[in-house]
Each structure stands twice: as C-alpha cells, then as structure tokens.
Amino acid sequence: MKIVVGLGNPGDQYAKTRHNIGWMVLDRLADRAGWAGKGRTRDASAVAMGRFHGMDLTLVKPLTWMNDSGLAVRKVLARQHAPLVDLLVVTDDFSLPFGKLRFREGGGPGGHNGLRSIIDELGTEKFSRLRVGIGAPERGFKDHVLNGFEPAERQRLDELLDAGADAVEEWARHGTSKAANRFNMFELRPADEARLAAPGEVEGPPDSDGIRRTRTGWRRVLPRRDDA
C-alpha cells in the first residue's frame, strides 16, 4: 500500500490558496480514480483508498492545521503499518518557480511548517516528497502562500495538477528515483494564449471531446470542482 499525503489547511477560505496545492493534486487523483466524495474521516485526516491502475493507494489530506500535519501522518502510518519507503508527501514550495515539480528522497523542511511538523513527529527526514512550485513571494511569505493564484497561474493550474497527479502515479509505480528522472525537468507551457498549440498537439487546448494532449499523456479535462 502506497500512502500519499497532500498538505493543506482545512476550510473553504483556504481551498484555492497556494498553500493547498498538495490537496489539489490529491483531489485530481481522487477524481481520476472515481473516489471523489467517497472517502472518510479518520486519524485526523480525510482518507480515500482503493486500487487504481493496478496499485493500492491511500490518499490522505490531514485535517489538522498545516503546522500540525505530522500528527495526522504519524497516525496514518501507524494504522497502515507502513514503512517510510511507501510514503510520499505532496507539498507547495515557494523556492521553486510556479509549475516546477521536484522529487526528493529526504532533506530538511526548507522553511515549510508542514514538513517540519512531519519530520518532528516521525523523528526523521528520510521520506520522499514531491514539491510543487508556487513561485517566490513578492510580498510577505504568509500573504503569498495563503492567497490565491494570479490569473496567469490559474490559466495553467489544471495542467499543473494533471502533471502532479501523473508524477504521483509514477512514484507509486516506479519509486522516487525514476519519478524524479521523468518529472524534475517538467515545465509548464508559457502563460501566453498566442503560443498555445492547436487542439490535439502537445500542450494544446482540449479538443471538442474535452481531451487534451500533455507531455505525459492524453488527459480528459475534468469539470472544475469548488473544493479542488
């Protein structure tokens, strides 16, 4: 069983903020698996689990505040009797440009209080994480992470969530090293309508059937969800 934890804050006021992009990636995975709305609350988390594309996955969104994420992660790992090698934490990272993805197999919190809480609770930094770039703050750090995306970012957010979900699937199937080789060089298309490819081409808009071709495969564009 692979356990994927997305970091975020509970509450509608935080649902669309940069700090919750870990939750957004897990929501995209739950949509793909047909698990949206079918999870349950336990171990201070919203949990959805099952078999997806031949893999046993548990998707975990801690319902603690971000700074106490480690409490939920420790409880989930204890219930599942899961080794750290089967844990992936998906988190926002303001040290990466918006849209960049970066796998790491360990390391410090990098100024992220959610990661710091997990490290403190587990007593180790040796767990994999997928860092999703949200861009550097132009104003205060707190204002940056707790506010919504800019228009140019929202324009490409669906693509980023698709890529993040693809990256998690790659990790679950092949491990951190192979996932890093494939996705650490990922870059979003420019936020410029004039440079969009034609429908059916890589990174172009959806065709008449709602299918968009990305660098990592063909994807149906899902309807936007209020809690994505």
# chains A, B, ... in the order shown; residues from 1 in each chain; ligands from 1
$ select_by_dssp --residues "chain A" --states "strand (DSSP E)" --output "PyMOL selection string"
chain A and resi 2-6+40-42+45-52+55-62+87-93+101-104+128-133+211-214+217-220
$ residues_around --residues "region 177-185 of chain A" --least-positions-apart "4" --cutoff "12 Å" --atoms "only C-alpha atoms" --output "VMD selection string"
chain A and resid 85 88 96 99 to 106 128 to 133 160 163 to 173 215 to 216
$ closest_residue --among "A:Thr176, A:Thr41, A:Asn20, A:Asn147" --to "Leu161 (chain A)" --atoms "only C-alpha atoms"
A:Asn20
$ closest_residue --among "A:Gln155, A:Thr214, A:Ser45, A:Asn113" --to "Thr64 (chain A)" --atoms "only C-alpha atoms"
A:Ser45
$ residues_around --residues "Met24 (chain A)" --least-positions-apart "4" --cutoff "12 Å" --atoms "only C-alpha atoms" --output "MDAnalysis selection string"
chainID A and resid 5:9 14:20 28:31 36 59:61 90:92 132 157:165 224:228
$ write_last_selection --atoms "N, CA and C atoms" --output "CSV table (one decimal), in the first residue's frame"
chain,number,residue,atom,x,y,z
A,5,VAL,N,0.3,11.7,1.0
A,5,VAL,CA,-0.2,12.7,1.9
A,5,VAL,C,-0.1,14.1,1.1
A,6,GLY,N,-1.2,14.8,1.0
A,6,GLY,CA,-1.2,16.1,0.4
A,6,GLY,C,-1.3,17.1,1.6
A,7,LEU,N,-0.5,18.1,1.6
A,7,LEU,CA,-0.5,19.1,2.7
A,7,LEU,C,-1.4,20.3,2.3
A,8,GLY,N,-2.1,20.8,3.3
A,8,GLY,CA,-3.0,21.9,3.1
A,8,GLY,C,-3.7,22.3,4.4
A,9,ASN,N,-4.5,23.3,4.4
A,9,ASN,CA,-5.3,23.7,5.5
A,9,ASN,C,-6.8,23.5,5.3
A,14,TYR,N,-9.4,28.5,2.6
A,14,TYR,CA,-8.0,28.1,2.2
A,14,TYR,C,-8.0,27.2,0.9
A,15,ALA,N,-9.2,26.8,0.4
A,15,ALA,CA,-9.3,25.8,-0.6
A,15,ALA,C,-8.5,26.1,-1.9
A,16,LYS,N,-8.6,27.4,-2.2
A,16,LYS,CA,-8.0,27.8,-3.5
A,16,LYS,C,-6.6,28.5,-3.4
A,17,THR,N,-6.0,28.4,-2.2
A,17,THR,CA,-4.7,29.1,-2.0
A,17,THR,C,-3.6,28.3,-2.4
A,18,ARG,N,-2.4,28.9,-2.6
A,18,ARG,CA,-1.2,28.2,-3.0
A,18,ARG,C,-0.8,27.2,-2.0
A,19,HIS,N,-1.0,27.4,-0.7
A,19,HIS,CA,-0.6,26.5,0.4
A,19,HIS,C,-1.3,25.2,0.3
A,20,ASN,N,-2.4,25.1,-0.4
A,20,ASN,CA,-3.3,23.9,-0.5
A,20,ASN,C,-3.0,23.1,-1.8
A,28,ARG,N,-7.2,15.7,-7.6
A,28,ARG,CA,-7.2,15.3,-9.0
A,28,ARG,C,-7.0,13.8,-9.1
A,29,LEU,N,-6.2,13.2,-8.3
A,29,LEU,CA,-6.0,11.8,-8.3
A,29,LEU,C,-7.3,11.1,-7.9
A,30,ALA,N,-8.0,11.6,-6.9
A,30,ALA,CA,-9.3,11.0,-6.4
A,30,ALA,C,-10.3,11.1,-7.6
A,31,ASP,N,-10.3,12.2,-8.3
A,31,ASP,CA,-11.2,12.3,-9.5
A,31,ASP,C,-10.9,11.2,-10.5
A,36,ALA,N,-13.8,10.6,-5.6
A,36,ALA,CA,-14.2,11.9,-5.1
A,36,ALA,C,-15.5,11.7,-4.3
A,59,LEU,N,-4.9,7.9,-0.2
A,59,LEU,CA,-4.7,9.4,-0.3
A,59,LEU,C,-5.2,10.0,1.0
A,60,VAL,N,-4.3,10.8,1.5
A,60,VAL,CA,-4.5,11.4,2.9
A,60,VAL,C,-4.4,12.9,2.8
A,61,LYS,N,-5.4,13.6,3.3
A,61,LYS,CA,-5.4,15.1,3.5
A,61,LYS,C,-5.6,15.3,5.0
A,90,VAL,N,3.1,15.4,-0.7
A,90,VAL,CA,3.0,16.4,-1.7
A,90,VAL,C,2.8,17.7,-1.1
A,91,THR,N,3.7,18.7,-1.4
A,91,THR,CA,3.6,20.0,-0.7
A,91,THR,C,4.0,21.1,-1.7
A,92,ASP,N,3.5,22.3,-1.3
A,92,ASP,CA,3.8,23.5,-2.0
A,92,ASP,C,5.3,23.9,-1.7
A,132,VAL,N,5.8,21.1,-5.2
A,132,VAL,CA,5.2,21.7,-6.3
A,132,VAL,C,5.4,23.2,-6.2
A,157,LEU,N,-3.2,26.1,-14.2
A,157,LEU,CA,-3.3,25.3,-13.0
A,157,LEU,C,-3.8,23.9,-13.3
A,158,ASP,N,-4.8,23.8,-14.2
A,158,ASP,CA,-5.2,22.4,-14.5
A,158,ASP,C,-4.1,21.5,-15.0
A,159,GLU,N,-3.3,22.1,-15.9
A,159,GLU,CA,-2.2,21.4,-16.5
A,159,GLU,C,-1.2,21.0,-15.4
A,160,LEU,N,-1.0,21.9,-14.4
A,160,LEU,CA,0.0,21.6,-13.3
A,160,LEU,C,-0.6,20.4,-12.4
A,161,LEU,N,-1.9,20.5,-12.1
A,161,LEU,CA,-2.5,19.4,-11.3
A,161,LEU,C,-2.4,18.1,-12.1
A,162,ASP,N,-2.7,18.1,-13.4
A,162,ASP,CA,-2.5,16.9,-14.1
A,162,ASP,C,-1.1,16.3,-14.0
A,163,ALA,N,-0.1,17.2,-14.2
A,163,ALA,CA,1.3,16.7,-14.1
A,163,ALA,C,1.6,16.2,-12.7
A,164,GLY,N,1.1,16.9,-11.7
A,164,GLY,CA,1.3,16.5,-10.3
A,164,GLY,C,0.7,15.1,-10.1
A,165,ALA,N,-0.5,14.9,-10.6
A,165,ALA,CA,-1.1,13.6,-10.4
A,165,ALA,C,-0.3,12.5,-11.2
A,224,ARG,N,-14.4,21.7,-13.3
A,224,ARG,CA,-13.8,22.3,-12.1
A,224,ARG,C,-14.7,22.0,-10.9
A,225,ARG,N,-14.0,21.7,-9.8
A,225,ARG,CA,-14.7,21.4,-8.5
A,225,ARG,C,-14.5,22.6,-7.5
A,226,ASP,N,-15.5,22.9,-6.8
A,226,ASP,CA,-15.3,24.0,-5.8
A,226,ASP,C,-14.3,23.7,-4.8
A,227,ASP,N,-14.1,22.4,-4.5
A,227,ASP,CA,-13.1,22.1,-3.4
A,227,ASP,C,-11.8,21.5,-4.0
A,228,ALA,N,-11.6,21.8,-5.3
A,228,ALA,CA,-10.3,21.2,-5.9
A,228,ALA,C,-9.1,21.8,-5.3
$ closest_residue --among "A:Ser95, A:Ser69, A:Ser117, A:Thr124" --to "Pro137 (chain A)" --atoms "only C-alpha atoms"
A:Ser95
$ decode --residues "region 62-106 of chain A" --atoms "N, CA and C atoms" --output "PDB file, in the first residue's frame"
ATOM      1  N   PRO A  62      -4.452  15.687   5.651  1.00  0.00           N
ATOM      2  CA  PRO A  62      -4.556  15.989   7.081  1.00  0.00           C
ATOM      3  C   PRO A  62      -5.545  17.128   7.336  1.00  0.00           C
ATOM      4  N   LEU A  63      -6.398  16.936   8.337  1.00  0.00           N
ATOM      5  CA  LEU A  63      -7.378  17.950   8.706  1.00  0.00           C
ATOM      6  C   LEU A  63      -6.918  18.789   9.880  1.00  0.00           C
ATOM      7  N   THR A  64      -5.710  18.533  10.336  1.00  0.00           N
ATOM      8  CA  THR A  64      -5.082  19.426  11.302  1.00  0.00           C
ATOM      9  C   THR A  64      -4.709  20.702  10.555  1.00  0.00           C
ATOM     10  N   TRP A  65      -4.370  21.740  11.252  1.00  0.00           N
ATOM     11  CA  TRP A  65      -3.785  22.881  10.558  1.00  0.00           C
ATOM     12  C   TRP A  65      -2.427  22.478  10.034  1.00  0.00           C
ATOM     13  N   MET A  66      -1.953  23.196   9.031  1.00  0.00           N
ATOM     14  CA  MET A  66      -0.707  22.860   8.361  1.00  0.00           C
ATOM     15  C   MET A  66       0.419  22.585   9.362  1.00  0.00           C
ATOM     16  N   ASN A  67       0.515  23.428  10.377  1.00  0.00           N
ATOM     17  CA  ASN A  67       1.634  23.318  11.318  1.00  0.00           C
ATOM     18  C   ASN A  67       1.606  22.054  12.150  1.00  0.00           C
ATOM     19  N   ASP A  68       0.488  21.324  12.159  1.00  0.00           N
ATOM     20  CA  ASP A  68       0.379  20.077  12.920  1.00  0.00           C
ATOM     21  C   ASP A  68       0.181  18.868  12.013  1.00  0.00           C
ATOM     22  N   SER A  69       0.589  18.974  10.763  1.00  0.00           N
ATOM     23  CA  SER A  69       0.390  17.889   9.803  1.00  0.00           C
ATOM     24  C   SER A  69       1.017  16.580  10.260  1.00  0.00           C
ATOM     25  N   GLY A  70       2.112  16.667  10.978  1.00  0.00           N
ATOM     26  CA  GLY A  70       2.811  15.462  11.407  1.00  0.00           C
ATOM     27  C   GLY A  70       1.975  14.563  12.291  1.00  0.00           C
ATOM     28  N   LEU A  71       1.072  15.143  13.083  1.00  0.00           N
ATOM     29  CA  LEU A  71       0.218  14.335  13.949  1.00  0.00           C
ATOM     30  C   LEU A  71      -0.619  13.371  13.123  1.00  0.00           C
ATOM     31  N   ALA A  72      -1.213  13.873  12.045  1.00  0.00           N
ATOM     32  CA  ALA A  72      -2.041  13.033  11.180  1.00  0.00           C
ATOM     33  C   ALA A  72      -1.197  11.998  10.445  1.00  0.00           C
ATOM     34  N   VAL A  73      -0.043  12.401   9.950  1.00  0.00           N
ATOM     35  CA  VAL A  73       0.803  11.470   9.210  1.00  0.00           C
ATOM     36  C   VAL A  73       1.248  10.322  10.099  1.00  0.00           C
ATOM     37  N   ARG A  74       1.640  10.624  11.314  1.00  0.00           N
ATOM     38  CA  ARG A  74       2.066   9.562  12.233  1.00  0.00           C
ATOM     39  C   ARG A  74       0.936   8.578  12.495  1.00  0.00           C
ATOM     40  N   LYS A  75      -0.290   9.076  12.668  1.00  0.00           N
ATOM     41  CA  LYS A  75      -1.433   8.202  12.927  1.00  0.00           C
ATOM     42  C   LYS A  75      -1.731   7.294  11.727  1.00  0.00           C
ATOM     43  N   VAL A  76      -1.682   7.859  10.544  1.00  0.00           N
ATOM     44  CA  VAL A  76      -1.974   7.068   9.346  1.00  0.00           C
ATOM     45  C   VAL A  76      -0.923   5.976   9.145  1.00  0.00           C
ATOM     46  N   LEU A  77       0.350   6.314   9.305  1.00  0.00           N
ATOM     47  CA  LEU A  77       1.404   5.325   9.135  1.00  0.00           C
ATOM     48  C   LEU A  77       1.274   4.208  10.163  1.00  0.00           C
ATOM     49  N   ALA A  78       0.899   4.567  11.394  1.00  0.00           N
ATOM     50  CA  ALA A  78       0.740   3.553  12.431  1.00  0.00           C
ATOM     51  C   ALA A  78      -0.425   2.620  12.112  1.00  0.00           C
ATOM     52  N   ARG A  79      -1.524   3.160  11.649  1.00  0.00           N
ATOM     53  CA  ARG A  79      -2.682   2.324  11.319  1.00  0.00           C
ATOM     54  C   ARG A  79      -2.359   1.375  10.165  1.00  0.00           C
ATOM     55  N   GLN A  80      -1.657   1.876   9.165  1.00  0.00           N
ATOM     56  CA  GLN A  80      -1.363   1.073   7.983  1.00  0.00           C
ATOM     57  C   GLN A  80      -0.127   0.182   8.163  1.00  0.00           C
ATOM     58  N   HIS A  81       0.595   0.371   9.270  1.00  0.00           N
ATOM     59  CA  HIS A  81       1.854  -0.363   9.482  1.00  0.00           C
ATOM     60  C   HIS A  81       2.766  -0.203   8.268  1.00  0.00           C
ATOM     61  N   ALA A  82       2.844   1.029   7.782  1.00  0.00           N
ATOM     62  CA  ALA A  82       3.549   1.299   6.534  1.00  0.00           C
ATOM     63  C   ALA A  82       4.979   1.769   6.801  1.00  0.00           C
ATOM     64  N   PRO A  83       5.934   1.254   6.042  1.00  0.00           N
ATOM     65  CA  PRO A  83       7.309   1.753   6.143  1.00  0.00           C
ATOM     66  C   PRO A  83       7.429   3.106   5.457  1.00  0.00           C
ATOM     67  N   LEU A  84       8.458   3.851   5.817  1.00  0.00           N
ATOM     68  CA  LEU A  84       8.627   5.190   5.252  1.00  0.00           C
ATOM     69  C   LEU A  84       8.845   5.167   3.742  1.00  0.00           C
ATOM     70  N   VAL A  85       9.351   4.063   3.220  1.00  0.00           N
ATOM     71  CA  VAL A  85       9.588   3.981   1.782  1.00  0.00           C
ATOM     72  C   VAL A  85       8.284   4.031   0.995  1.00  0.00           C
ATOM     73  N   ASP A  86       7.166   3.734   1.668  1.00  0.00           N
ATOM     74  CA  ASP A  86       5.862   3.756   1.000  1.00  0.00           C
ATOM     75  C   ASP A  86       5.109   5.063   1.222  1.00  0.00           C
ATOM     76  N   LEU A  87       5.790   6.087   1.725  1.00  0.00           N
ATOM     77  CA  LEU A  87       5.169   7.390   1.995  1.00  0.00           C
ATOM     78  C   LEU A  87       5.674   8.436   1.018  1.00  0.00           C
ATOM     79  N   LEU A  88       4.740   9.205   0.450  1.00  0.00           N
ATOM     80  CA  LEU A  88       5.070  10.384  -0.351  1.00  0.00           C
ATOM     81  C   LEU A  88       4.263  11.555   0.174  1.00  0.00           C
ATOM     82  N   VAL A  89       4.933  12.683   0.417  1.00  0.00           N
ATOM     83  CA  VAL A  89       4.275  13.902   0.854  1.00  0.00           C
ATOM     84  C   VAL A  89       4.289  14.902  -0.300  1.00  0.00           C
ATOM     85  N   VAL A  90       3.124  15.398  -0.675  1.00  0.00           N
ATOM     86  CA  VAL A  90       2.998  16.386  -1.745  1.00  0.00           C
ATOM     87  C   VAL A  90       2.786  17.749  -1.103  1.00  0.00           C
ATOM     88  N   THR A  91       3.652  18.688  -1.416  1.00  0.00           N
ATOM     89  CA  THR A  91       3.633  19.975  -0.717  1.00  0.00           C
ATOM     90  C   THR A  91       3.952  21.130  -1.663  1.00  0.00           C
ATOM     91  N   ASP A  92       3.485  22.310  -1.302  1.00  0.00           N
ATOM     92  CA  ASP A  92       3.847  23.529  -2.023  1.00  0.00           C
ATOM     93  C   ASP A  92       5.275  23.925  -1.677  1.00  0.00           C
ATOM     94  N   ASP A  93       5.905  24.675  -2.578  1.00  0.00           N
ATOM     95  CA  ASP A  93       7.276  25.141  -2.336  1.00  0.00           C
ATOM     96  C   ASP A  93       7.461  26.485  -3.019  1.00  0.00           C
ATOM     97  N   PHE A  94       7.658  27.542  -2.228  1.00  0.00           N
ATOM     98  CA  PHE A  94       7.815  28.872  -2.813  1.00  0.00           C
ATOM     99  C   PHE A  94       9.238  29.134  -3.303  1.00  0.00           C
ATOM    100  N   SER A  95      10.153  28.196  -3.045  1.00  0.00           N
ATOM    101  CA  SER A  95      11.508  28.364  -3.563  1.00  0.00           C
ATOM    102  C   SER A  95      11.627  27.867  -5.002  1.00  0.00           C
ATOM    103  N   LEU A  96      10.579  27.220  -5.515  1.00  0.00           N
ATOM    104  CA  LEU A  96      10.549  26.768  -6.903  1.00  0.00           C
ATOM    105  C   LEU A  96       9.637  27.676  -7.717  1.00  0.00           C
ATOM    106  N   PRO A  97       9.977  27.936  -8.974  1.00  0.00           N
ATOM    107  CA  PRO A  97       9.077  28.721  -9.826  1.00  0.00           C
ATOM    108  C   PRO A  97       7.719  28.046  -9.938  1.00  0.00           C
ATOM    109  N   PHE A  98       6.697  28.839 -10.159  1.00  0.00           N
ATOM    110  CA  PHE A  98       5.366  28.266 -10.324  1.00  0.00           C
ATOM    111  C   PHE A  98       5.370  27.221 -11.432  1.00  0.00           C
ATOM    112  N   GLY A  99       4.830  26.029 -11.115  1.00  0.00           N
ATOM    113  CA  GLY A  99       4.701  24.984 -12.113  1.00  0.00           C
ATOM    114  C   GLY A  99       5.827  23.975 -12.152  1.00  0.00           C
ATOM    115  N   LYS A 100       6.932  24.222 -11.449  1.00  0.00           N
ATOM    116  CA  LYS A 100       8.006  23.244 -11.402  1.00  0.00           C
ATOM    117  C   LYS A 100       7.643  22.125 -10.428  1.00  0.00           C
ATOM    118  N   LEU A 101       8.107  20.918 -10.737  1.00  0.00           N
ATOM    119  CA  LEU A 101       7.939  19.761  -9.865  1.00  0.00           C
ATOM    120  C   LEU A 101       9.320  19.265  -9.459  1.00  0.00           C
ATOM    121  N   ARG A 102       9.439  18.846  -8.209  1.00  0.00           N
ATOM    122  CA  ARG A 102      10.742  18.380  -7.747  1.00  0.00           C
ATOM    123  C   ARG A 102      10.556  17.266  -6.720  1.00  0.00           C
ATOM    124  N   PHE A 103      11.011  16.063  -7.088  1.00  0.00           N
ATOM    125  CA  PHE A 103      11.035  14.948  -6.142  1.00  0.00           C
ATOM    126  C   PHE A 103      12.325  14.995  -5.333  1.00  0.00           C
ATOM    127  N   ARG A 104      12.208  14.644  -4.041  1.00  0.00           N
ATOM    128  CA  ARG A 104      13.372  14.451  -3.194  1.00  0.00           C
ATOM    129  C   ARG A 104      13.105  13.263  -2.287  1.00  0.00           C
ATOM    130  N   GLU A 105      14.157  12.525  -1.957  1.00  0.00           N
ATOM    131  CA  GLU A 105      14.016  11.352  -1.103  1.00  0.00           C
ATOM    132  C   GLU A 105      14.248  11.671   0.365  1.00  0.00           C
ATOM    133  N   GLY A 106      14.552  12.912   0.682  1.00  0.00           N
ATOM    134  CA  GLY A 106      14.786  13.310   2.063  1.00  0.00           C
ATOM    135  C   GLY A 106      15.162  14.773   2.109  1.00  0.00           C
TER     136      GLY A 106
END
